[in-house]
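Chemist: Following this line is start-v4.txt, made up of compact mmCIF, C-alpha atoms and all ligand atoms:
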# COMPACT_ATOMS: atom_id res chain seq x y z
CA MET C 1 29.97 67.73 -24.43
CA ALA C 2 33.68 67.11 -25.00
CA GLU C 3 36.16 69.87 -25.83
CA ALA C 4 36.26 70.69 -29.55
CA ALA C 5 39.05 69.41 -31.78
CA ASP C 6 40.04 70.19 -35.39
CA VAL C 7 39.74 66.57 -36.43
CA THR C 8 37.89 63.59 -34.99
CA ILE C 9 39.06 60.20 -36.22
CA ILE C 10 36.47 57.43 -35.80
CA GLY C 11 38.18 54.06 -35.39
CA GLY C 12 41.52 53.25 -33.76
CA GLY C 13 42.78 50.52 -36.10
CA PRO C 14 46.12 50.84 -37.91
CA ILE C 15 44.72 53.42 -40.32
CA GLY C 16 43.14 55.59 -37.61
CA LEU C 17 46.40 55.47 -35.63
CA PHE C 18 48.44 56.52 -38.64
CA GLY C 19 45.86 59.27 -39.30
CA LEU C 20 46.44 60.51 -35.75
CA TYR C 21 50.16 60.78 -36.51
CA CYS C 22 49.46 62.62 -39.80
CA ALA C 23 47.19 65.07 -37.96
CA GLY C 24 49.96 65.74 -35.43
CA LEU C 25 52.41 66.31 -38.24
CA ASN C 26 50.10 69.04 -39.55
CA CYS C 27 49.71 70.53 -36.03
CA LEU C 28 46.00 69.73 -36.02
CA LYS C 29 44.24 69.20 -32.70
CA ALA C 30 43.10 65.62 -33.07
CA ARG C 31 40.86 63.22 -31.23
CA LEU C 32 40.45 59.50 -31.82
CA LEU C 33 37.31 57.55 -30.87
CA GLU C 34 37.54 53.75 -30.58
CA ARG C 35 34.60 51.51 -29.72
CA LEU C 36 36.69 48.80 -28.03
CA ASP C 37 38.66 49.06 -24.79
CA ARG C 38 41.96 49.33 -26.66
CA VAL C 39 43.14 50.55 -30.05
CA GLY C 40 44.69 48.33 -32.72
CA GLY C 41 41.79 47.17 -34.87
CA GLN C 42 41.90 43.81 -36.63
CA LEU C 43 45.65 43.41 -35.97
CA GLU C 44 45.29 43.69 -32.20
CA HIS C 45 42.02 41.77 -31.87
CA LEU C 46 42.08 39.18 -34.67
CA TYR C 47 45.72 38.37 -35.39
CA PRO C 48 48.16 39.79 -32.81
CA GLU C 49 50.75 37.03 -33.41
CA LYS C 50 50.35 36.51 -37.16
CA PRO C 51 53.26 37.76 -39.25
CA ILE C 52 52.60 40.51 -41.81
CA TYR C 53 54.97 40.61 -44.77
CA ASP C 54 53.56 43.36 -46.99
CA VAL C 55 54.03 46.63 -45.11
CA GLY C 56 56.81 48.77 -46.57
CA GLY C 57 60.01 48.72 -44.52
CA PHE C 58 59.01 45.65 -42.48
CA PRO C 59 60.08 42.35 -44.08
CA ARG C 60 58.20 40.61 -41.23
CA VAL C 61 56.24 42.11 -38.35
CA THR C 62 53.45 40.66 -36.22
CA GLY C 63 50.07 42.39 -35.91
CA ARG C 64 50.76 43.50 -32.35
CA GLU C 65 54.31 44.70 -33.11
CA LEU C 66 53.00 46.89 -35.94
CA ILE C 67 50.31 48.35 -33.69
CA ASP C 68 52.91 49.07 -30.97
CA ARG C 69 55.01 50.96 -33.56
CA LEU C 70 51.96 52.88 -34.78
CA LYS C 71 51.03 53.85 -31.22
CA GLN C 72 54.59 55.02 -30.56
CA GLN C 73 54.45 57.12 -33.74
CA ALA C 74 50.95 58.54 -33.12
CA PHE C 75 51.20 59.24 -29.40
CA GLN C 76 54.27 61.49 -29.73
CA TYR C 77 51.67 64.22 -30.28
CA ASP C 78 49.26 65.36 -27.62
CA ALA C 79 46.06 63.82 -28.98
CA GLU C 80 42.88 62.87 -27.14
CA VAL C 81 42.27 59.12 -27.39
CA VAL C 82 38.88 57.94 -26.12
CA THR C 83 38.25 54.19 -25.98
CA GLY C 84 34.96 52.42 -25.27
CA VAL C 85 33.12 54.95 -27.43
CA THR C 86 30.97 53.91 -30.39
CA ALA C 87 30.04 56.59 -32.91
CA THR C 88 26.39 56.05 -33.76
CA ASN C 89 25.31 59.07 -35.81
CA LEU C 90 26.51 62.26 -37.45
CA GLU C 91 24.75 65.61 -37.49
CA SER C 92 26.30 68.22 -39.76
CA THR C 93 26.07 72.00 -40.03
CA SER C 94 28.21 74.11 -42.36
CA GLN C 95 30.72 74.74 -39.53
CA GLN C 96 30.75 71.69 -37.32
CA HIS C 97 30.01 67.96 -37.30
CA ARG C 98 28.39 66.57 -34.19
CA ILE C 99 29.26 62.91 -33.63
CA HIS C 100 26.72 61.14 -31.48
CA THR C 101 28.12 58.27 -29.41
CA ASN C 102 27.14 56.02 -26.52
CA ARG C 103 29.06 58.48 -24.32
CA GLY C 104 27.77 61.83 -25.48
CA ILE C 105 28.45 64.17 -28.39
CA PHE C 106 31.87 65.05 -29.83
CA GLU C 107 32.25 68.04 -32.17
CA SER C 108 34.78 69.01 -34.80
CA PRO C 109 34.85 70.68 -38.23
CA VAL C 110 36.58 67.62 -39.74
CA VAL C 111 35.72 63.95 -39.30
CA ILE C 112 37.82 61.11 -40.70
CA ILE C 113 36.10 57.72 -40.61
CA THR C 114 38.54 54.82 -40.29
CA ALA C 115 36.08 52.34 -38.79
CA GLY C 116 37.36 49.40 -40.88
CA ILE C 117 34.89 46.55 -40.92
CA GLY C 118 33.05 47.85 -37.85
CA GLU C 119 32.65 44.94 -35.49
CA PHE C 120 34.85 41.89 -35.92
CA ILE C 121 32.42 39.11 -36.79
CA PRO C 122 34.12 36.03 -38.30
CA ARG C 123 32.01 34.31 -40.96
CA ARG C 124 30.97 31.04 -39.33
CA LEU C 125 30.21 27.62 -40.72
CA ASN C 126 26.83 27.85 -38.98
CA ASN C 127 26.78 24.14 -38.32
CA PRO C 128 26.04 23.65 -34.59
CA ALA C 129 27.55 20.14 -34.62
CA ILE C 130 30.88 21.66 -35.79
CA ASP C 131 30.70 25.00 -33.96
CA ARG C 132 30.35 23.22 -30.60
CA TYR C 133 34.10 22.46 -30.86
CA GLU C 134 34.98 26.18 -30.71
CA GLY C 135 37.38 26.58 -27.77
CA ARG C 136 38.05 22.82 -27.92
CA GLY C 137 40.35 22.71 -30.93
CA LEU C 138 38.28 24.74 -33.41
CA TYR C 139 39.25 28.40 -33.94
CA TYR C 140 37.53 31.31 -35.65
CA VAL C 141 40.07 33.72 -34.10
CA VAL C 142 43.69 32.78 -33.34
CA ASN C 143 45.31 34.62 -30.45
CA ARG C 144 48.22 32.27 -29.68
CA LEU C 145 50.31 30.52 -32.33
CA SER C 146 51.78 28.19 -29.66
CA ASP C 147 48.37 26.44 -29.53
CA PHE C 148 49.44 24.77 -32.79
CA ASP C 149 52.89 23.52 -31.72
CA GLY C 150 53.31 19.89 -32.76
CA ARG C 151 49.64 19.63 -33.80
CA ARG C 152 47.94 18.27 -36.91
CA VAL C 153 46.11 21.28 -38.23
CA LEU C 154 43.28 21.70 -40.73
CA VAL C 155 42.87 25.19 -42.24
CA VAL C 156 39.48 25.80 -43.87
CA GLY C 157 39.45 28.53 -46.53
CA GLY C 158 41.21 29.45 -49.75
CA GLY C 159 41.83 33.20 -49.46
CA ASP C 160 44.70 35.30 -48.12
CA SER C 161 43.73 34.96 -44.45
CA ALA C 162 43.57 31.17 -44.69
CA ALA C 163 46.92 31.06 -46.51
CA ASP C 164 48.44 33.42 -43.92
CA TRP C 165 47.33 31.15 -41.08
CA ALA C 166 48.61 28.04 -42.86
CA MET C 167 52.00 29.71 -43.30
CA ALA C 168 52.03 31.07 -39.75
CA VAL C 169 51.58 27.61 -38.20
CA ALA C 170 53.38 25.46 -40.83
CA ASP C 171 56.82 25.58 -39.18
CA ARG C 172 55.49 24.73 -35.72
CA ALA C 173 52.77 22.19 -36.51
CA GLU C 174 53.28 18.49 -37.18
CA HIS C 175 51.31 18.87 -40.40
CA VAL C 176 48.93 21.38 -42.00
CA THR C 177 46.14 20.48 -44.43
CA MET C 178 44.51 23.44 -46.14
CA ILE C 179 41.20 22.83 -47.89
CA HIS C 180 39.14 25.03 -50.17
CA ARG C 181 35.67 24.33 -51.52
CA ARG C 182 36.63 25.64 -54.99
CA ASP C 183 39.00 24.03 -57.49
CA SER C 184 41.68 26.72 -57.08
CA PHE C 185 43.01 28.70 -54.13
CA GLN C 186 42.35 32.46 -54.20
CA CYS C 187 45.35 33.68 -52.15
CA HIS C 188 48.41 35.58 -53.42
CA LEU C 189 50.46 33.47 -55.85
CA ASP C 190 53.61 33.82 -53.74
CA SER C 191 51.78 32.42 -50.67
CA LEU C 192 50.47 29.55 -52.77
CA ARG C 193 53.94 28.72 -54.08
CA LYS C 194 55.43 28.80 -50.57
CA LEU C 195 52.68 26.54 -49.25
CA GLU C 196 53.02 24.12 -52.16
CA ALA C 197 56.76 23.90 -51.51
CA HIS C 198 56.43 23.44 -47.74
CA PRO C 199 57.21 19.84 -46.72
CA ARG C 200 54.60 19.82 -43.96
CA VAL C 201 51.69 21.40 -45.88
CA SER C 202 49.09 19.66 -48.08
CA LEU C 203 46.76 21.75 -50.23
CA VAL C 204 43.46 20.07 -51.09
CA PRO C 205 41.03 21.86 -53.42
CA ASN C 206 37.37 20.87 -53.90
CA ARG C 207 36.96 19.90 -50.27
CA SER C 208 34.91 21.33 -47.42
CA LEU C 209 34.30 20.32 -43.83
CA ASN C 210 31.54 17.73 -43.41
CA SER C 211 31.86 16.89 -39.70
CA VAL C 212 34.17 16.94 -36.69
CA GLN C 213 34.73 14.01 -34.33
CA GLY C 214 36.11 13.90 -30.79
CA ASP C 215 34.70 13.52 -27.28
CA ASN C 216 36.00 16.65 -25.58
CA GLU C 217 38.39 18.01 -28.20
CA VAL C 218 38.76 17.79 -31.97
CA ARG C 219 40.31 14.41 -32.85
CA SER C 220 39.45 13.98 -36.54
CA VAL C 221 37.34 15.47 -39.31
CA VAL C 222 35.45 14.14 -42.30
CA LEU C 223 35.82 16.16 -45.49
CA GLN C 224 33.36 16.22 -48.36
CA ASP C 225 33.80 16.77 -52.08
CA ALA C 226 32.22 19.49 -54.22
CA THR C 227 28.98 17.46 -54.53
CA GLY C 228 28.69 17.16 -50.74
CA THR C 229 29.65 13.46 -50.69
CA PRO C 230 31.63 12.63 -47.51
CA MET C 231 35.06 11.01 -47.86
CA ALA C 232 35.21 7.40 -46.68
CA GLU C 233 38.30 7.93 -44.48
CA PRO C 234 38.36 10.53 -41.66
CA LEU C 235 41.38 12.84 -41.46
CA ALA C 236 43.19 12.82 -38.10
CA VAL C 237 43.64 16.43 -36.92
CA ASP C 238 43.54 18.06 -33.51
CA ARG C 239 43.27 21.73 -34.49
CA VAL C 240 40.93 23.36 -37.03
CA ILE C 241 41.27 27.01 -38.11
CA VAL C 242 38.24 28.32 -39.98
CA ALA C 243 39.26 31.37 -42.06
CA ILE C 244 36.39 31.97 -44.45
CA GLY C 245 36.18 35.74 -44.05
CA LEU C 246 34.61 38.39 -41.86
CA ILE C 247 31.09 39.81 -41.94
CA PRO C 248 31.25 43.62 -42.25
CA GLY C 249 29.50 45.20 -39.26
CA THR C 250 29.33 48.75 -40.61
CA GLN C 251 25.53 49.08 -40.93
CA ILE C 252 25.74 51.91 -38.40
CA PHE C 253 26.94 54.27 -41.17
CA GLN C 254 23.87 53.69 -43.34
CA THR C 255 22.04 56.59 -41.70
CA TRP C 256 24.87 59.12 -41.90
CA GLY C 257 23.89 60.58 -45.28
CA LEU C 258 26.98 59.11 -46.99
CA PRO C 259 26.65 57.21 -50.29
CA LEU C 260 27.66 53.60 -49.73
CA HIS C 261 28.77 50.79 -51.97
CA GLY C 262 27.52 47.77 -50.05
CA THR C 263 28.75 48.47 -46.53
CA GLU C 264 31.63 50.75 -47.59
CA ILE C 265 31.73 54.54 -47.90
CA ARG C 266 32.35 55.96 -51.36
CA VAL C 267 35.20 58.49 -51.47
CA ALA C 268 36.82 60.75 -54.08
CA THR C 269 40.54 60.64 -54.88
CA ASP C 270 41.29 62.96 -51.92
CA MET C 271 39.27 60.61 -49.65
CA SER C 272 36.50 63.19 -49.24
CA THR C 273 32.87 62.09 -49.02
CA VAL C 274 29.81 64.02 -50.17
CA LEU C 275 29.69 65.80 -46.79
CA PRO C 276 32.15 68.73 -46.68
CA GLY C 277 34.79 68.06 -44.03
CA VAL C 278 34.02 64.33 -43.78
CA TYR C 279 36.62 61.86 -45.10
CA ALA C 280 37.02 58.08 -44.99
CA ALA C 281 40.08 55.82 -45.31
CA GLY C 282 41.13 52.22 -44.77
CA ASP C 283 38.86 49.18 -45.09
CA ILE C 284 35.67 51.25 -44.80
CA ALA C 285 36.49 53.48 -47.79
CA THR C 286 35.92 52.44 -51.38
CA TYR C 287 36.72 53.75 -54.87
CA ALA C 288 37.59 52.24 -58.25
CA GLY C 289 40.62 49.99 -57.86
CA LYS C 290 40.44 49.80 -54.07
CA VAL C 291 42.75 47.27 -52.39
CA LYS C 292 42.06 46.37 -48.76
CA LEU C 293 45.60 46.35 -47.43
CA ILE C 294 47.25 48.13 -44.53
CA ALA C 295 49.82 49.70 -46.90
CA ALA C 296 47.05 51.13 -49.10
CA GLY C 297 45.16 52.47 -46.05
CA PHE C 298 48.25 54.33 -44.81
CA GLY C 299 48.39 56.26 -48.09
CA GLU C 300 44.65 56.94 -48.02
CA VAL C 301 44.64 58.41 -44.52
CA ALA C 302 47.71 60.56 -45.26
CA THR C 303 45.80 61.90 -48.28
CA ALA C 304 42.67 62.47 -46.16
CA VAL C 305 44.58 64.46 -43.53
CA GLU C 306 46.28 66.63 -46.17
CA ALA C 307 42.90 67.31 -47.81
CA ALA C 308 41.35 68.05 -44.39
CA ASN C 309 44.14 70.50 -43.57
CA THR C 310 43.50 72.37 -46.84
CA TYR C 311 39.76 72.31 -46.13
CA LEU C 312 40.27 73.79 -42.64
CA LYS C 313 42.45 76.61 -44.02
CA HIS C 314 39.98 77.57 -46.76
CA ARG C 315 36.53 77.05 -45.24
CA GLY C 316 34.45 80.13 -44.81
C1 LIG C 401 43.27 37.26 -40.49
C2 LIG C 401 43.62 38.53 -41.25
C3 LIG C 401 44.89 38.67 -41.75
C4 LIG C 401 45.24 39.85 -42.45
N1 LIG C 401 46.52 39.98 -42.90
C5 LIG C 401 46.88 41.11 -43.55
C6 LIG C 401 48.22 41.26 -44.03
O1 LIG C 401 49.06 40.38 -43.88
N2 LIG C 401 48.52 42.44 -44.69
C7 LIG C 401 47.59 43.44 -44.89
O2 LIG C 401 47.93 44.48 -45.49
N3 LIG C 401 46.33 43.30 -44.43
C8 LIG C 401 45.95 42.17 -43.77
N4 LIG C 401 44.66 42.03 -43.32
C9 LIG C 401 43.72 43.16 -43.54
C10 LIG C 401 44.01 44.30 -42.55
O3 LIG C 401 43.93 43.81 -41.22
C11 LIG C 401 43.00 45.43 -42.74
O4 LIG C 401 43.12 45.93 -44.07
C12 LIG C 401 43.27 46.56 -41.75
O5 LIG C 401 43.08 46.12 -40.41
C13 LIG C 401 42.36 47.77 -42.01
O6 LIG C 401 42.62 48.74 -41.04
P1 LIG C 401 41.50 49.79 -40.61
O7 LIG C 401 42.15 50.66 -39.57
O8 LIG C 401 40.90 50.40 -41.83
O9 LIG C 401 40.34 48.91 -39.95
P2 LIG C 401 40.30 47.99 -38.66
O10 LIG C 401 41.58 47.29 -38.42
O11 LIG C 401 39.07 47.16 -38.83
O12 LIG C 401 40.09 49.02 -37.46
C14 LIG C 401 38.91 49.79 -37.36
C15 LIG C 401 38.69 50.20 -35.92
O13 LIG C 401 37.52 51.02 -35.84
C16 LIG C 401 36.76 50.67 -34.69
N5 LIG C 401 35.36 51.04 -34.94
C17 LIG C 401 34.50 50.45 -35.82
N6 LIG C 401 33.30 51.06 -35.79
C18 LIG C 401 33.41 52.08 -34.89
C19 LIG C 401 32.49 53.06 -34.42
N7 LIG C 401 31.24 53.15 -34.88
N8 LIG C 401 32.91 53.93 -33.45
C20 LIG C 401 34.19 53.86 -32.96
N9 LIG C 401 35.11 52.93 -33.39
C21 LIG C 401 34.72 52.07 -34.35
C22 LIG C 401 36.98 49.16 -34.60
O14 LIG C 401 36.73 48.68 -33.28
C23 LIG C 401 38.45 49.02 -35.00
O15 LIG C 401 39.32 49.10 -33.89
C24 LIG C 401 44.28 40.89 -42.63
C25 LIG C 401 42.99 40.74 -42.11
C26 LIG C 401 42.66 39.57 -41.42
C27 LIG C 401 41.27 39.44 -40.84
What does this structure look like when you write it as structure tokens?
Ligand SMILES: Cc1cc2nc3c(=O)[nH]c(=O)nc-3n(C[C@H](O)[C@H](O)[C@H](O)COP(=O)(O)OP(=O)(O)OC[C@H]3O[C@@H](n4cnc5c(N)ncnc54)[C@H](O)[C@@H]3O)c2cc1C
Modeler:
Amino acid sequence: MAEAADVTIIGGGPIGLFGLYCAGLNCLKARLLERLDRVGGQLEHLYPEKPIYDVGGFPRVTGRELIDRLKQQAFQYDAEVVTGVTATNLESTSQQHRIHTNRGIFESPVVIITAGIGEFIPRRLNNPAIDRYEGRGLYYVVNRLSDFDGRRVLVVGGGDSAADWAMAVADRAEHVTMIHRRDSFQCHLDSLRKLEAHPRVSLVPNRSLNSVQGDNEVRSVVLQDATGTPMAEPLAVDRVIVAIGLIPGTQIFQTWGLPLHGTEIRVATDMSTVLPGVYAAGDIATYAGKVKLIAAGFGEVATAVEAANTYLKHRG
């Protein structure tokens, strides 16, 4: 069994990393458990090169740059960071929580769950004839923006992620077409206005992807209308980004004795759960008015650490 800590943070995404810093600030002995081989969460693993515009103090920062800053901030304190460890269950007594993992048991009186969306599973089109182009021009995850230099790009999806990708590649691509199966795009209004004004971007509502053509690589696509009728003319593109959301992989927490709303953990205003000493913050936490943004998660985990500090001082 590992050495005891005051606080164990489960999940090393941006919110867990900022929680580690907040714990250090309060002189708490902290430990962070991360299931992957390196910390950074969605920013490191799903969009390292995508610009982020809505974190206070950073007019523009890429996913990886923000994680590097968070690591610099968090690791100034002497915390224990354990990667390759998946928390699988929680056993609680009045004094300690025992976190079961694939690599043994970790104990602490406080646990802060910042496990985000669990595993990173992009929602797929589930059309084998289209999915066979993955790695050959079709992307569910974008690691390198230079892949789109001078290319004709199709972005599938109408939400913030799709709009972010369209904006991220617009200045380097030959042309970007963004399609959405509904009659209006769901992304932030400012993103929509910028995309509408961009000379190399076309926004096409009421369209979805019918088929992809190309021998070895994507060469063109056929779109279909809202009734499923294919368009007569194919659209020449050589890159397709599918950004239709992520499937939450947080089922693991269903057996932890924590009330859930869907796959998310319900928390009070101080980010506490129904288990004394157990808190949640970031994408995995939910409450009335919740917004899934990095900026909101930073505030939540700062609140959780403050509440945990008070809890540690006053527990019997
Ligand atoms: C394409 C895309 C673009 C986005 N753009 C923006 C943007 O511009 N601005 C913005 O504010 N937000 C954006 N978001 C959302 C933002 O990324 C999330 O809100 C943020 O990552 C949440 O951070 P988190 O630390 O709560 O969770 P995550 O980033 O999901 O990190 C959770 C970590 O916990 C680990 N973990 C999970 N389960 C366990 C377990 N059982 N044991 C141990 N470790 C575990 C995971 O491996 C992961 O590293 C975007 C999301 C996507 C997908």
Chemist: Given the point (43.8, 62.7, -35.1) in the file's coordinates, find the residues that have an atom at most 6 Å from it, counting all atoms listed in the file, and give them as a ChimeraX atom specification.
Modeler: /C:7-9,19-20,23,30-32
Chemist: Show me which residues line ligand LIG 401 (chain C), defined as having an atom within 7 Å of a ligand atom where all atoms listed in the file count, and present them as JSON, numbers by chain.
Modeler: {"C": [10, 11, 12, 13, 14, 15, 16, 33, 34, 35, 36, 39, 40, 41, 42, 43, 46, 47, 51, 52, 53, 54, 55, 85, 86, 87, 88, 114, 115, 116, 117, 118, 119, 161, 164, 246, 250, 252, 281, 282, 283, 284, 292, 293, 294, 295, 297]}
Chemist: What's around Asn127 of chain C at 10 Å? Count only C-alpha atoms, leave out sequence neighbours fewer than 5 positions away in its own chain, and write the answer as a list in words.
Modeler: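 Contacts, with the query itself left out: Arg132, Asn210 and Ser211 of chain C.
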Chemist: Go ahead and compute the interatomic distance for atom CA of Leu258 of chain C and atom CA of Glu306 of chain C, in Å to one decimal.
Modeler: 20.7 Å
Chemist: Please list as a PyMOL selection string every residue within 8 Å of segment 66-71 of chain C, counting all atoms listed in the file and excluding residues in the same chain fewer than 2 positions away.
Modeler: chain C and resi 14+17-18+40+43-44+61-64+73-75
Chemist: Please provide as a list of chain:residue names all residues within 10 Å of Asp171 of chain C, with the sequence filter that same-chain residues fewer than 2 positions apart are discarded (counting only C-alpha atoms).
Modeler: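 Those residues are C:Phe148, C:Asp149, C:Gly150, C:Ala166, C:Met167, C:Ala168, C:Val169, C:Ala173, C:Glu174, C:His175, C:Val176, C:His198, C:Pro199, C:Arg200, C:Val201.
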Chemist: Would you save the residues of that selection, restricted to C-alpha atoms, as a short mmCIF file (atom, residue, chain, number, x, y, z; two decimals), in the coordinates of the input?
Modeler:
data_model
loop_
_atom_site.label_atom_id
_atom_site.label_comp_id
_atom_site.auth_asym_id
_atom_site.auth_seq_id
_atom_site.Cartn_x
_atom_site.Cartn_y
_atom_site.Cartn_z
CA PHE C 148 49.44 24.77 -32.79
CA ASP C 149 52.89 23.52 -31.72
CA GLY C 150 53.31 19.89 -32.76
CA ALA C 166 48.61 28.04 -42.86
CA MET C 167 52.00 29.71 -43.30
CA ALA C 168 52.03 31.07 -39.75
CA VAL C 169 51.58 27.61 -38.20
CA ALA C 173 52.77 22.19 -36.51
CA GLU C 174 53.28 18.49 -37.18
CA HIS C 175 51.31 18.87 -40.40
CA VAL C 176 48.93 21.38 -42.00
CA HIS C 198 56.43 23.44 -47.74
CA PRO C 199 57.21 19.84 -46.72
CA ARG C 200 54.60 19.82 -43.96
CA VAL C 201 51.69 21.40 -45.88
#
Chemist: Calculate how many Å separate atom CA of Cys27 of chain C from atom CA of Phe106 of chain C, rounding to one decimal.
Modeler: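 Computed distance, atom CA of Cys27 of chain C to atom CA of Phe106 of chain C, equals 19.7 Å.
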Chemist: Nearest to Ile99 of chain C: which of C:Thr229, C:Gly157, C:Arg266, C:Val111 is it, counting all atoms listed in the file?
Modeler: C:Val111
